[in-house]
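Visitor: Just input08.csv, nothing more (CSV, C-alpha atoms):
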chain,number,residue,atom,x,y,z
B,4,MET,CA,-27.5,-36.0,-62.7
B,5,ILE,CA,-26.3,-34.5,-59.5
B,6,ASN,CA,-28.9,-33.5,-56.9
B,7,ILE,CA,-28.0,-30.3,-55.2
B,8,TYR,CA,-29.8,-29.9,-51.9
B,9,VAL,CA,-30.6,-26.5,-50.4
B,10,PHE,CA,-29.6,-26.0,-46.8
B,11,GLN,CA,-31.3,-23.3,-44.7
B,12,LEU,CA,-30.8,-22.2,-41.2
B,13,PHE,CA,-33.2,-20.6,-38.7
B,14,PHE,CA,-33.1,-19.4,-35.1
B,15,PHE,CA,-35.6,-20.6,-32.6
B,16,SER,CA,-36.0,-18.1,-29.8
B,17,SER,CA,-37.5,-19.7,-26.6
B,18,ARG,CA,-38.1,-16.2,-25.3
B,19,ARG,CA,-40.1,-14.8,-28.2
B,20,ARG,CA,-41.3,-18.2,-29.4
B,21,HIS,CA,-41.0,-17.6,-33.1
B,22,THR,CA,-38.9,-18.7,-36.0
B,23,ARG,CA,-36.8,-16.4,-38.2
B,24,PHE,CA,-35.1,-17.5,-41.4
B,25,LEU,CA,-31.7,-15.9,-41.7
B,26,PRO,CA,-28.7,-15.9,-44.1
B,27,VAL,CA,-26.2,-18.5,-42.9
B,28,SER,CA,-23.3,-16.0,-42.6
B,29,TRP,CA,-25.4,-13.6,-40.5
B,30,ALA,CA,-26.6,-16.4,-38.3
B,31,ARG,CA,-23.1,-17.6,-37.6
B,32,ARG,CA,-21.9,-14.2,-36.6
B,33,CYS,CA,-24.6,-13.4,-34.1
B,34,VAL,CA,-25.1,-16.8,-32.5
B,35,GLN,CA,-22.4,-16.1,-29.9
B,36,GLU,CA,-24.1,-13.1,-28.7
B,37,THR,CA,-27.7,-14.3,-28.7
B,38,GLY,CA,-27.1,-17.9,-27.5
B,39,HIS,CA,-29.9,-19.1,-29.9
B,40,LYS,CA,-29.8,-22.6,-31.3
B,41,ILE,CA,-29.1,-23.3,-34.9
B,42,VAL,CA,-31.3,-26.0,-36.5
B,43,ILE,CA,-30.5,-27.4,-40.0
B,44,PHE,CA,-32.9,-29.1,-42.3
B,45,GLU,CA,-32.6,-30.4,-45.8
B,46,LYS,CA,-35.1,-29.8,-48.6
B,47,GLY,CA,-37.3,-32.8,-49.0
B,48,HIS,CA,-36.8,-34.1,-45.5
B,49,ASP,CA,-39.0,-33.3,-42.5
B,50,GLU,CA,-36.4,-34.0,-39.8
B,51,GLN,CA,-34.7,-31.0,-38.2
B,52,LEU,CA,-31.2,-31.5,-36.8
B,53,GLU,CA,-29.7,-29.3,-34.1
B,54,GLU,CA,-26.0,-28.4,-34.3
B,55,PRO,CA,-24.2,-28.4,-30.9
B,56,LEU,CA,-24.2,-24.8,-29.7
B,57,THR,CA,-20.7,-25.2,-28.4
B,58,HIS,CA,-19.5,-26.1,-31.9
B,59,THR,CA,-21.3,-23.1,-33.4
B,60,GLN,CA,-19.7,-20.8,-30.8
B,61,ASN,CA,-16.3,-22.4,-31.1
B,62,ILE,CA,-14.9,-19.9,-33.7
B,63,SER,CA,-11.5,-18.3,-33.1
B,64,LEU,CA,-10.9,-14.6,-33.8
B,65,ILE,CA,-8.7,-15.5,-36.8
B,66,GLU,CA,-11.5,-17.7,-38.3
B,67,LYS,CA,-14.0,-14.9,-37.9
B,68,CYS,CA,-11.8,-12.3,-39.5
B,69,CYS,CA,-10.8,-14.6,-42.4
B,70,CYS,CA,-14.2,-16.2,-42.7
B,71,MET,CA,-12.5,-19.6,-42.4
B,72,TYR,CA,-15.2,-21.1,-40.1
B,73,SER,CA,-17.5,-22.1,-43.0
B,74,ARG,CA,-15.2,-25.0,-44.0
B,75,ASP,CA,-15.9,-26.8,-40.7
B,76,GLU,CA,-19.7,-26.3,-40.7
B,77,LEU,CA,-21.6,-29.5,-40.3
B,78,THR,CA,-23.8,-30.6,-43.2
B,79,TYR,CA,-27.2,-32.1,-42.8
B,80,THR,CA,-26.0,-35.7,-43.6
B,81,GLU,CA,-23.1,-35.3,-41.1
B,82,LEU,CA,-25.5,-34.2,-38.3
B,83,LYS,CA,-27.8,-37.0,-39.2
B,84,SER,CA,-25.0,-39.5,-38.6
B,85,TYR,CA,-23.9,-37.7,-35.4
B,86,GLN,CA,-27.3,-37.4,-33.8
B,87,PRO,CA,-27.9,-41.0,-32.7
B,88,ILE,CA,-24.6,-41.2,-30.7
B,89,ARG,CA,-25.3,-37.8,-29.3
B,90,ASN,CA,-28.7,-38.8,-28.1
B,91,LYS,CA,-27.4,-41.9,-26.5
B,92,SER,CA,-24.7,-40.0,-24.6
B,93,ASN,CA,-27.5,-38.0,-22.8
B,94,ILE,CA,-29.3,-41.1,-21.5
B,95,LEU,CA,-28.5,-41.5,-17.8
B,96,PHE,CA,-28.2,-44.9,-16.3
B,97,ASP,CA,-31.5,-45.8,-14.6
B,98,PHE,CA,-31.3,-48.1,-11.6
B,99,GLU,CA,-35.0,-48.9,-12.0
B,100,SER,CA,-34.9,-49.7,-15.7
B,101,ASN,CA,-35.1,-53.4,-16.5
B,102,ASP,CA,-33.4,-52.8,-19.9
B,103,HIS,CA,-30.4,-51.0,-18.2
B,104,ASN,CA,-30.1,-53.7,-15.5
B,105,ASN,CA,-30.3,-56.4,-18.0
B,106,LYS,CA,-27.3,-54.9,-19.8
B,107,VAL,CA,-25.3,-55.2,-16.6
B,108,ARG,CA,-26.4,-58.9,-16.4
B,109,GLU,CA,-25.2,-59.4,-20.0
B,110,LEU,CA,-21.9,-57.9,-19.2
B,111,TRP,CA,-21.4,-60.2,-16.2
B,112,LEU,CA,-22.4,-63.2,-18.4
B,113,LEU,CA,-19.8,-62.2,-21.0
B,114,LEU,CA,-17.1,-61.8,-18.4
B,115,GLU,CA,-17.9,-64.6,-16.0
B,116,GLY,CA,-19.9,-67.0,-18.1
B,117,SER,CA,-22.5,-67.4,-15.3
B,118,GLN,CA,-25.7,-65.8,-14.1
B,119,LEU,CA,-25.5,-62.8,-11.7
B,120,GLN,CA,-27.5,-62.6,-8.5
B,121,GLU,CA,-30.7,-60.6,-8.4
B,122,ASP,CA,-29.4,-57.5,-6.8
B,123,LEU,CA,-26.5,-57.4,-9.4
B,124,LYS,CA,-23.9,-57.1,-6.6
B,125,SER,CA,-20.7,-59.0,-6.4
B,126,GLU,CA,-17.2,-58.3,-5.0
B,127,ARG,CA,-15.9,-59.8,-8.2
B,128,TRP,CA,-16.8,-56.5,-10.0
B,129,LYS,CA,-13.9,-54.8,-8.2
B,130,ASP,CA,-11.5,-57.1,-9.9
B,131,TYR,CA,-12.6,-55.6,-13.2
B,132,GLY,CA,-11.9,-52.1,-12.0
B,133,PHE,CA,-15.2,-51.0,-10.6
B,134,GLN,CA,-15.2,-49.0,-7.4
B,135,ASN,CA,-18.0,-50.9,-5.6
B,136,ALA,CA,-19.7,-54.3,-5.5
B,137,ASP,CA,-22.5,-52.7,-7.4
B,138,PRO,CA,-21.1,-51.5,-10.7
B,139,ARG,CA,-24.1,-49.4,-11.5
B,140,THR,CA,-22.9,-46.6,-9.2
B,141,ASP,CA,-19.9,-46.0,-11.6
B,142,PHE,CA,-22.2,-45.5,-14.6
B,143,ARG,CA,-23.7,-42.3,-13.1
B,144,GLY,CA,-21.1,-40.1,-14.8
B,145,GLY,CA,-20.9,-41.7,-18.3
B,146,GLY,CA,-24.5,-42.9,-18.4
B,147,LEU,CA,-25.8,-45.7,-20.5
B,148,LEU,CA,-23.2,-45.1,-23.2
B,149,SER,CA,-20.3,-45.9,-20.8
B,150,LEU,CA,-21.9,-49.3,-20.1
B,151,ASP,CA,-22.3,-50.0,-23.8
B,152,GLN,CA,-18.6,-49.1,-24.4
B,153,ILE,CA,-17.4,-51.5,-21.8
B,154,PHE,CA,-19.5,-54.2,-23.2
B,155,ALA,CA,-18.3,-53.6,-26.8
B,156,PHE,CA,-14.7,-53.6,-25.7
B,157,CYS,CA,-15.1,-56.8,-23.7
B,158,ARG,CA,-17.0,-58.5,-26.5
B,159,ASN,CA,-14.2,-57.7,-29.0
B,160,ASN,CA,-11.2,-58.2,-26.6
B,161,LEU,CA,-12.2,-60.7,-24.0
B,162,ASN,CA,-8.8,-62.4,-23.7
B,163,MET,CA,-7.1,-59.0,-23.4
B,164,VAL,CA,-9.5,-58.0,-20.6
B,165,LYS,CA,-8.4,-61.1,-18.6
B,166,GLU,CA,-4.8,-59.9,-19.0
B,167,ILE,CA,-5.6,-56.2,-18.2
B,168,ILE,CA,-7.2,-57.0,-14.9
B,169,GLU,CA,-4.3,-58.9,-13.5
B,170,GLU,CA,-3.3,-57.4,-10.1
B,171,ARG,CA,0.3,-56.9,-11.1
B,172,HIS,CA,-0.7,-54.3,-13.7
B,173,GLN,CA,-2.5,-52.0,-11.2
B,174,PHE,CA,-4.8,-51.0,-14.0
B,175,LEU,CA,-8.4,-50.1,-13.2
B,176,PHE,CA,-10.0,-51.3,-16.4
B,177,ALA,CA,-13.7,-50.4,-15.8
B,178,ILE,CA,-13.1,-46.9,-14.4
B,179,THR,CA,-10.6,-46.1,-17.1
B,180,SER,CA,-13.1,-47.2,-19.8
B,181,ILE,CA,-15.8,-45.0,-18.2
B,182,ASN,CA,-13.4,-42.1,-18.0
B,183,ILE,CA,-12.5,-42.5,-21.7
B,184,THR,CA,-16.2,-42.6,-22.7
B,185,PHE,CA,-16.9,-39.4,-20.6
B,186,PHE,CA,-13.8,-37.7,-22.2
B,187,LEU,CA,-15.0,-38.6,-25.7
B,188,MET,CA,-18.5,-37.5,-25.0
B,189,LYS,CA,-17.4,-34.0,-23.9
B,190,TYR,CA,-14.6,-33.8,-26.6
B,191,PHE,CA,-17.2,-34.3,-29.3
B,192,HIS,CA,-19.7,-31.8,-27.9
B,193,MET,CA,-22.3,-34.5,-27.0
B,194,PRO,CA,-23.6,-33.7,-23.5
B,195,ASN,CA,-26.5,-31.2,-23.2
B,196,PHE,CA,-25.0,-29.8,-20.1
B,197,LEU,CA,-21.9,-28.4,-21.9
B,198,GLU,CA,-21.5,-24.6,-21.7
B,199,PHE,CA,-19.1,-22.8,-24.0
B,200,HIS,CA,-17.2,-20.5,-21.6
B,201,LYS,CA,-17.1,-23.0,-18.7
B,202,ASP,CA,-16.2,-26.2,-20.7
B,203,LYS,CA,-14.3,-24.8,-23.7
B,204,ASP,CA,-11.1,-26.5,-22.6
B,205,GLN,CA,-12.8,-29.9,-22.7
B,206,PHE,CA,-14.3,-30.1,-26.2
B,207,CYS,CA,-12.6,-30.4,-29.5
B,208,SER,CA,-12.0,-27.9,-32.3
B,209,ARG,CA,-14.5,-27.4,-35.2
B,210,LYS,CA,-12.1,-29.4,-37.4
B,211,ALA,CA,-12.0,-32.4,-35.1
B,212,LEU,CA,-15.8,-32.6,-34.8
B,213,LYS,CA,-16.1,-32.3,-38.5
B,214,ASN,CA,-13.7,-35.2,-38.9
B,215,PHE,CA,-15.6,-37.3,-36.4
B,216,CYS,CA,-18.9,-36.7,-38.2
B,217,ARG,CA,-17.4,-37.6,-41.5
B,218,CYS,CA,-16.2,-40.9,-40.1
B,219,LEU,CA,-19.7,-41.6,-38.6
B,220,GLN,CA,-21.2,-41.2,-42.1
B,221,LYS,CA,-19.1,-44.2,-43.2
B,222,ASN,CA,-19.1,-46.2,-40.0
B,223,GLN,CA,-21.6,-45.7,-37.1
B,224,ASP,CA,-19.3,-47.7,-34.9
B,225,SER,CA,-16.6,-44.9,-35.0
B,226,PHE,CA,-17.1,-43.9,-31.4
B,227,ASP,CA,-16.6,-47.6,-30.3
B,228,ILE,CA,-13.4,-47.8,-32.3
B,229,LEU,CA,-12.0,-44.6,-30.9
B,230,HIS,CA,-12.8,-45.7,-27.4
B,231,GLU,CA,-11.0,-49.0,-28.0
B,232,ILE,CA,-8.0,-47.3,-29.5
B,233,LEU,CA,-7.6,-45.0,-26.5
B,234,LEU,CA,-8.2,-47.7,-23.9
B,235,LYS,CA,-5.6,-50.0,-25.5
B,236,ASP,CA,-3.1,-47.2,-25.8
B,237,ILE,CA,-3.6,-46.0,-22.2
B,238,PHE,CA,-2.9,-49.6,-21.0
B,239,ALA,CA,0.2,-49.9,-23.2
B,240,THR,CA,1.5,-46.5,-22.1
B,241,TRP,CA,0.9,-47.5,-18.4
B,242,ILE,CA,2.8,-50.8,-18.8
B,243,GLU,CA,5.7,-49.0,-20.5
B,244,ILE,CA,5.8,-46.4,-17.7
B,245,LYS,CA,5.9,-49.1,-15.0
B,246,LYS,CA,8.6,-50.9,-16.9
B,247,GLN,CA,10.8,-47.8,-17.0
B,248,ASN,CA,10.0,-46.9,-13.4
B,249,PRO,CA,8.8,-49.8,-11.2
B,250,SER,CA,8.2,-47.5,-8.3
B,251,VAL,CA,5.5,-45.6,-10.0
B,252,THR,CA,2.1,-45.8,-8.2
B,253,ILE,CA,-1.5,-45.7,-9.3
B,254,MET,CA,-1.7,-42.2,-8.0
B,255,GLU,CA,0.4,-41.1,-11.0
B,256,PHE,CA,-1.8,-43.0,-13.5
B,257,ASP,CA,-3.8,-40.0,-14.6
B,258,THR,CA,-0.9,-37.5,-15.2
B,259,LYS,CA,1.5,-40.0,-16.7
B,260,ALA,CA,-0.7,-42.2,-18.8
B,261,ILE,CA,-4.2,-40.8,-19.4
B,262,GLN,CA,-3.2,-37.2,-20.1
B,263,SER,CA,-0.4,-38.1,-22.5
B,264,VAL,CA,-2.8,-40.3,-24.5
B,265,LYS,CA,-5.5,-37.5,-24.6
B,266,LYS,CA,-2.9,-35.1,-25.9
B,267,LYS,CA,-1.8,-37.4,-28.6
B,268,PHE,CA,-5.4,-38.1,-29.6
B,269,ASN,CA,-6.2,-34.4,-29.9
B,270,THR,CA,-3.1,-33.9,-32.1
B,271,ILE,CA,-4.2,-36.7,-34.4
B,272,MET,CA,-7.8,-35.4,-34.7
B,273,ASN,CA,-6.5,-32.0,-35.8
B,274,GLN,CA,-3.7,-33.1,-38.0
B,275,ARG,CA,-5.6,-33.4,-41.3
B,276,GLN,CA,-8.9,-34.0,-42.8
B,277,TYR,CA,-10.2,-37.6,-42.4
B,278,ASP,CA,-13.0,-39.2,-44.4
B,279,LYS,CA,-13.2,-42.6,-42.6
B,280,ILE,CA,-12.3,-44.0,-39.3
B,281,GLU,CA,-9.6,-46.3,-40.8
B,282,GLN,CA,-7.5,-43.2,-41.6
B,283,ILE,CA,-7.6,-42.1,-38.0
B,284,THR,CA,-6.7,-45.6,-36.8
B,285,MET,CA,-3.7,-45.7,-39.3
B,286,PHE,CA,-2.4,-42.3,-38.3
B,287,TYR,CA,-2.8,-43.1,-34.6
B,288,SER,CA,-0.9,-46.3,-34.9
B,289,TYR,CA,1.9,-44.6,-36.9
B,290,SER,CA,2.1,-41.9,-34.1
B,291,SER,CA,2.4,-44.6,-31.5
B,292,ILE,CA,5.2,-46.4,-33.4
B,293,GLN,CA,7.0,-43.1,-33.9
B,294,THR,CA,6.7,-42.2,-30.2
B,295,ALA,CA,8.1,-45.7,-29.2
B,296,SER,CA,11.0,-45.3,-31.6
B,297,ASN,CA,11.9,-41.9,-30.2
B,298,LYS,CA,12.1,-43.3,-26.6
B,299,LYS,CA,14.6,-45.9,-27.6
Using the file provided, produce a representation of the structure as structure tokens.
Guide:
Amino acid sequence: MINIYVFQLFFFSSRRRHTRFLPVSWARRCVQETGHKIVIFEKGHDEQLEEPLTHTQNISLIEKCCCMYSRDELTYTELKSYQPIRNKSNILFDFESNDHNNKVRELWLLLEGSQLQEDLKSERWKDYGFQNADPRTDFRGGGLLSLDQIFAFCRNNLNMVKEIIEERHQFLFAITSINITFFLMKYFHMPNFLEFHKDKDQFCSRKALKNFCRCLQKNQDSFDILHEILLKDIFATWIEIKKQNPSVTIMEFDTKAIQSVKKKFNTIMNQRQYDKIEQITMFYSYSSIQTASNKK
């Protein structure tokens, strides 16, 4: 027997402080004008999940006219899988938090195999691509999630990290990792500070977010996997660029390496419907092989 759950939507108005139950189609049409939040809940569950407002507003004129937007609406179960990583993305790094500082110590122990001094400072951090002797200053942009992503990558690819940070590569490992995390956070509509009209060039399409949430349903580590894919690809792209043009400098790193990888990633995320992260990994690898073949 198949259980069919009833989904309902309602608006919460902070101005009038009341709740109104509305038909889904009506709510979708007027949300762009009102700026109200859409909250989704499932019958039989007390938890209410809030869809990113930028995702709700991100409907093209063609989608509106043809009523195509409903296919990319997020379900309750998809939002339930998405909410934990979204919540973590909005946790700022706290210099006074013992838990946060202990994570920095754990990263140092993983990388160096020794205990870090009490103030967490060391010139050695710069060798790993941090801007200062105190790495915590670099986590202000990407927050706690950016620290978690560096740790996850180092834990899974420690030998590669030792290769990446060699001076001859001119590759700023830590800063690149943090930038990727911040890019993915904005791309997948996570930060609370996003505004539709101001940031619409930085977040993904409705289809791409739907794909990401589907993957999270099957694997909660999907964000970690995407971060790892992009970081490895940016490094490989940079090495290839330097091989073809030895005179290239770190000043061209963003335009020649990072931006090309971001463009490829966006293409892959919008190419088709994905149900699990392994599919994205496979299509991304195929795209990289195809790109390399075309250059030969």
Visitor: Anything within 12 Å of (-6.4, -54.4, -10.6): list those residues as a ChimeraX atom specification, counting all atoms listed in the file and sticking to the file's coordinates.
Guide: /B:127-134,164-179,238,253
Visitor: Do a neighbour search on B:Lys265 at 10 Å with only C-alpha atoms, toss out local chain neighbours closer than 2 positions, and write the hits as a PDB file with C-alpha atoms, in the frame of the given file.
Guide:
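In the end it all went to part.pdb:
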ATOM      1  CA  ILE B 183     -12.500 -42.500 -21.700  1.00  0.00           C
ATOM      2  CA  PHE B 186     -13.800 -37.700 -22.200  1.00  0.00           C
ATOM      3  CA  LEU B 187     -15.000 -38.600 -25.700  1.00  0.00           C
ATOM      4  CA  LEU B 233      -7.600 -45.000 -26.500  1.00  0.00           C
ATOM      5  CA  ILE B 237      -3.600 -46.000 -22.200  1.00  0.00           C
ATOM      6  CA  ALA B 260      -0.700 -42.200 -18.800  1.00  0.00           C
ATOM      7  CA  ILE B 261      -4.200 -40.800 -19.400  1.00  0.00           C
ATOM      8  CA  GLN B 262      -3.200 -37.200 -20.100  1.00  0.00           C
ATOM      9  CA  SER B 263      -0.400 -38.100 -22.500  1.00  0.00           C
ATOM     10  CA  LYS B 267      -1.800 -37.400 -28.600  1.00  0.00           C
ATOM     11  CA  PHE B 268      -5.400 -38.100 -29.600  1.00  0.00           C
ATOM     12  CA  ASN B 269      -6.200 -34.400 -29.900  1.00  0.00           C
ATOM     13  CA  THR B 270      -3.100 -33.900 -32.100  1.00  0.00           C
ATOM     14  CA  ILE B 271      -4.200 -36.700 -34.400  1.00  0.00           C
TER      15      ILE B 271
END
Visitor: Env of stretch 207-223 of chain B: 10 Å cut, atoms = only C-alpha atoms, seq-sep filter 4 positions within chain, self excluded. Answer as a PyMOL selection string.
Guide: chain B and resi 57-63+72-78+80-88+187+189-192+203+227-229+269-283
Visitor: Quick one: pull the distance between atom CA of B:His200 and atom CA of B:Ile94, Å, one decimal.
Guide: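 Answer for the atom CA of B:His200 to atom CA of B:Ile94 separation: 23.9 Å.
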Visitor: Calculate how many Å separate atom CA of B:Glu198 from atom CA of B:Leu56, rounding to one decimal.
Guide: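 We find that atom CA of B:Glu198 and atom CA of B:Leu56 lie 8.4 Å from each other.
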Visitor: How many Å separate atom CA of B:Leu234 from atom CA of B:Thr258?
Guide: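 Spanning atom CA of B:Leu234 to atom CA of B:Thr258 is a straight-line distance of 15.3 Å.
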Visitor: Could you give me, as a tab-separated table (two decimals) with C-alpha atoms, in the frame of the given file, the residues within 9 Å of B:Arg139, counting only C-alpha atoms and dropping anything in the same chain fewer than 5 positions from it?
Guide:
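Resulting contents of out-v8.tsv:
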chain	number	residue	atom	x	y	z
B	96	PHE	CA	-28.20	-44.90	-16.30
B	97	ASP	CA	-31.50	-45.80	-14.60
B	98	PHE	CA	-31.30	-48.10	-11.60
B	104	ASN	CA	-30.10	-53.70	-15.50
B	107	VAL	CA	-25.30	-55.20	-16.60
B	123	LEU	CA	-26.50	-57.40	-9.40
B	150	LEU	CA	-21.90	-49.30	-20.10
Visitor: From the options B:Ile244, B:Leu52, B:Leu197, B:Leu147, which residue's atoms come nearest to B:Ser100, counting only C-alpha atoms?
Guide: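 Checking each of B:Ile244, B:Leu52, B:Leu197, B:Leu147 against B:Ser100, counting only C-alpha atoms, the winner is B:Leu147.
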Visitor: Complete the atom set of stretch 241-250 of chain B to all heavy atoms and return it as a PDB file, in the coordinates of the input.
Guide:
ATOM      1  N   TRP B 241       0.763 -47.228 -19.834  1.00  0.00           N
ATOM      2  CA  TRP B 241       0.900 -47.500 -18.400  1.00  0.00           C
ATOM      3  C   TRP B 241       1.952 -48.612 -18.158  1.00  0.00           C
ATOM      4  O   TRP B 241       2.813 -48.517 -17.284  1.00  0.00           O
ATOM      5  CB  TRP B 241      -0.393 -47.819 -17.767  1.00  0.00           C
ATOM      6  CG  TRP B 241      -0.340 -48.127 -16.302  1.00  0.00           C
ATOM      7  CD1 TRP B 241      -0.707 -49.287 -15.693  1.00  0.00           C
ATOM      8  CD2 TRP B 241       0.082 -47.247 -15.249  1.00  0.00           C
ATOM      9  NE1 TRP B 241      -0.540 -49.204 -14.340  1.00  0.00           N
ATOM     10  CE2 TRP B 241      -0.052 -47.956 -14.030  1.00  0.00           C
ATOM     11  CE3 TRP B 241       0.558 -45.947 -15.218  1.00  0.00           C
ATOM     12  CZ2 TRP B 241       0.265 -47.416 -12.793  1.00  0.00           C
ATOM     13  CZ3 TRP B 241       0.886 -45.390 -13.978  1.00  0.00           C
ATOM     14  CH2 TRP B 241       0.744 -46.116 -12.790  1.00  0.00           C
ATOM     15  N   ILE B 242       1.867 -49.675 -18.950  1.00  0.00           N
ATOM     16  CA  ILE B 242       2.800 -50.800 -18.800  1.00  0.00           C
ATOM     17  C   ILE B 242       4.222 -50.334 -19.114  1.00  0.00           C
ATOM     18  O   ILE B 242       5.177 -50.716 -18.412  1.00  0.00           O
ATOM     19  CB  ILE B 242       2.405 -51.947 -19.768  1.00  0.00           C
ATOM     20  CG1 ILE B 242       1.050 -52.533 -19.365  1.00  0.00           C
ATOM     21  CG2 ILE B 242       3.477 -53.027 -19.780  1.00  0.00           C
ATOM     22  CD1 ILE B 242       0.985 -53.053 -17.954  1.00  0.00           C
ATOM     23  N   GLU B 243       4.385 -49.509 -20.119  1.00  0.00           N
ATOM     24  CA  GLU B 243       5.700 -49.000 -20.500  1.00  0.00           C
ATOM     25  C   GLU B 243       6.260 -48.087 -19.364  1.00  0.00           C
ATOM     26  O   GLU B 243       7.458 -48.140 -19.043  1.00  0.00           O
ATOM     27  CB  GLU B 243       5.631 -48.217 -21.791  1.00  0.00           C
ATOM     28  CG  GLU B 243       6.957 -47.715 -22.326  1.00  0.00           C
ATOM     29  CD  GLU B 243       7.942 -48.828 -22.634  1.00  0.00           C
ATOM     30  OE1 GLU B 243       7.487 -49.937 -22.984  1.00  0.00           O
ATOM     31  OE2 GLU B 243       9.169 -48.581 -22.536  1.00  0.00           O
ATOM     32  N   ILE B 244       5.403 -47.274 -18.786  1.00  0.00           N
ATOM     33  CA  ILE B 244       5.800 -46.400 -17.700  1.00  0.00           C
ATOM     34  C   ILE B 244       6.278 -47.224 -16.491  1.00  0.00           C
ATOM     35  O   ILE B 244       7.317 -46.936 -15.874  1.00  0.00           O
ATOM     36  CB  ILE B 244       4.650 -45.456 -17.277  1.00  0.00           C
ATOM     37  CG1 ILE B 244       4.391 -44.425 -18.370  1.00  0.00           C
ATOM     38  CG2 ILE B 244       4.956 -44.756 -15.952  1.00  0.00           C
ATOM     39  CD1 ILE B 244       3.139 -43.601 -18.158  1.00  0.00           C
ATOM     40  N   LYS B 245       5.528 -48.275 -16.167  1.00  0.00           N
ATOM     41  CA  LYS B 245       5.900 -49.100 -15.000  1.00  0.00           C
ATOM     42  C   LYS B 245       7.168 -49.905 -15.306  1.00  0.00           C
ATOM     43  O   LYS B 245       7.936 -50.196 -14.378  1.00  0.00           O
ATOM     44  CB  LYS B 245       4.731 -50.105 -14.742  1.00  0.00           C
ATOM     45  CG  LYS B 245       3.528 -49.460 -14.071  1.00  0.00           C
ATOM     46  CD  LYS B 245       2.392 -50.453 -13.877  1.00  0.00           C
ATOM     47  CE  LYS B 245       2.742 -51.566 -12.923  1.00  0.00           C
ATOM     48  NZ  LYS B 245       2.972 -51.081 -11.542  1.00  0.00           N
ATOM     49  N   LYS B 246       7.408 -50.236 -16.570  1.00  0.00           N
ATOM     50  CA  LYS B 246       8.600 -50.900 -16.900  1.00  0.00           C
ATOM     51  C   LYS B 246       9.857 -50.043 -16.723  1.00  0.00           C
ATOM     52  O   LYS B 246      10.902 -50.481 -16.245  1.00  0.00           O
ATOM     53  CB  LYS B 246       8.550 -51.408 -18.385  1.00  0.00           C
ATOM     54  CG  LYS B 246       9.707 -52.307 -18.819  1.00  0.00           C
ATOM     55  CD  LYS B 246       9.611 -52.631 -20.297  1.00  0.00           C
ATOM     56  CE  LYS B 246       8.342 -53.406 -20.614  1.00  0.00           C
ATOM     57  NZ  LYS B 246       8.308 -53.795 -22.056  1.00  0.00           N
ATOM     58  N   GLN B 247       9.698 -48.775 -17.115  1.00  0.00           N
ATOM     59  CA  GLN B 247      10.800 -47.800 -17.000  1.00  0.00           C
ATOM     60  C   GLN B 247      10.995 -47.360 -15.539  1.00  0.00           C
ATOM     61  O   GLN B 247      12.105 -47.024 -15.129  1.00  0.00           O
ATOM     62  CB  GLN B 247      10.562 -46.623 -17.900  1.00  0.00           C
ATOM     63  CG  GLN B 247      10.591 -46.963 -19.380  1.00  0.00           C
ATOM     64  CD  GLN B 247      10.313 -45.752 -20.253  1.00  0.00           C
ATOM     65  OE1 GLN B 247      10.168 -44.634 -19.770  1.00  0.00           O
ATOM     66  NE2 GLN B 247      10.244 -45.972 -21.559  1.00  0.00           N
ATOM     67  N   ASN B 248       9.899 -47.324 -14.784  1.00  0.00           N
ATOM     68  CA  ASN B 248      10.000 -46.900 -13.400  1.00  0.00           C
ATOM     69  C   ASN B 248       9.091 -47.742 -12.524  1.00  0.00           C
ATOM     70  O   ASN B 248       7.922 -47.425 -12.296  1.00  0.00           O
ATOM     71  CB  ASN B 248       9.532 -45.397 -13.322  1.00  0.00           C
ATOM     72  CG  ASN B 248       9.623 -44.837 -11.915  1.00  0.00           C
ATOM     73  OD1 ASN B 248      10.213 -45.453 -11.025  1.00  0.00           O
ATOM     74  ND2 ASN B 248       9.014 -43.684 -11.690  1.00  0.00           N
ATOM     75  N   PRO B 249       9.632 -48.850 -12.026  1.00  0.00           N
ATOM     76  CA  PRO B 249       8.800 -49.800 -11.200  1.00  0.00           C
ATOM     77  C   PRO B 249       8.225 -49.198  -9.966  1.00  0.00           C
ATOM     78  O   PRO B 249       7.252 -49.748  -9.436  1.00  0.00           O
ATOM     79  CB  PRO B 249       9.864 -50.889 -10.869  1.00  0.00           C
ATOM     80  CG  PRO B 249      10.918 -50.780 -11.921  1.00  0.00           C
ATOM     81  CD  PRO B 249      11.004 -49.320 -12.249  1.00  0.00           C
ATOM     82  N   SER B 250       8.756 -48.078  -9.490  1.00  0.00           N
ATOM     83  CA  SER B 250       8.200 -47.500  -8.300  1.00  0.00           C
ATOM     84  C   SER B 250       7.030 -46.587  -8.480  1.00  0.00           C
ATOM     85  O   SER B 250       6.447 -46.063  -7.528  1.00  0.00           O
ATOM     86  CB  SER B 250       9.352 -46.655  -7.573  1.00  0.00           C
ATOM     87  OG  SER B 250       9.756 -45.562  -8.404  1.00  0.00           O
TER      88      SER B 250
END
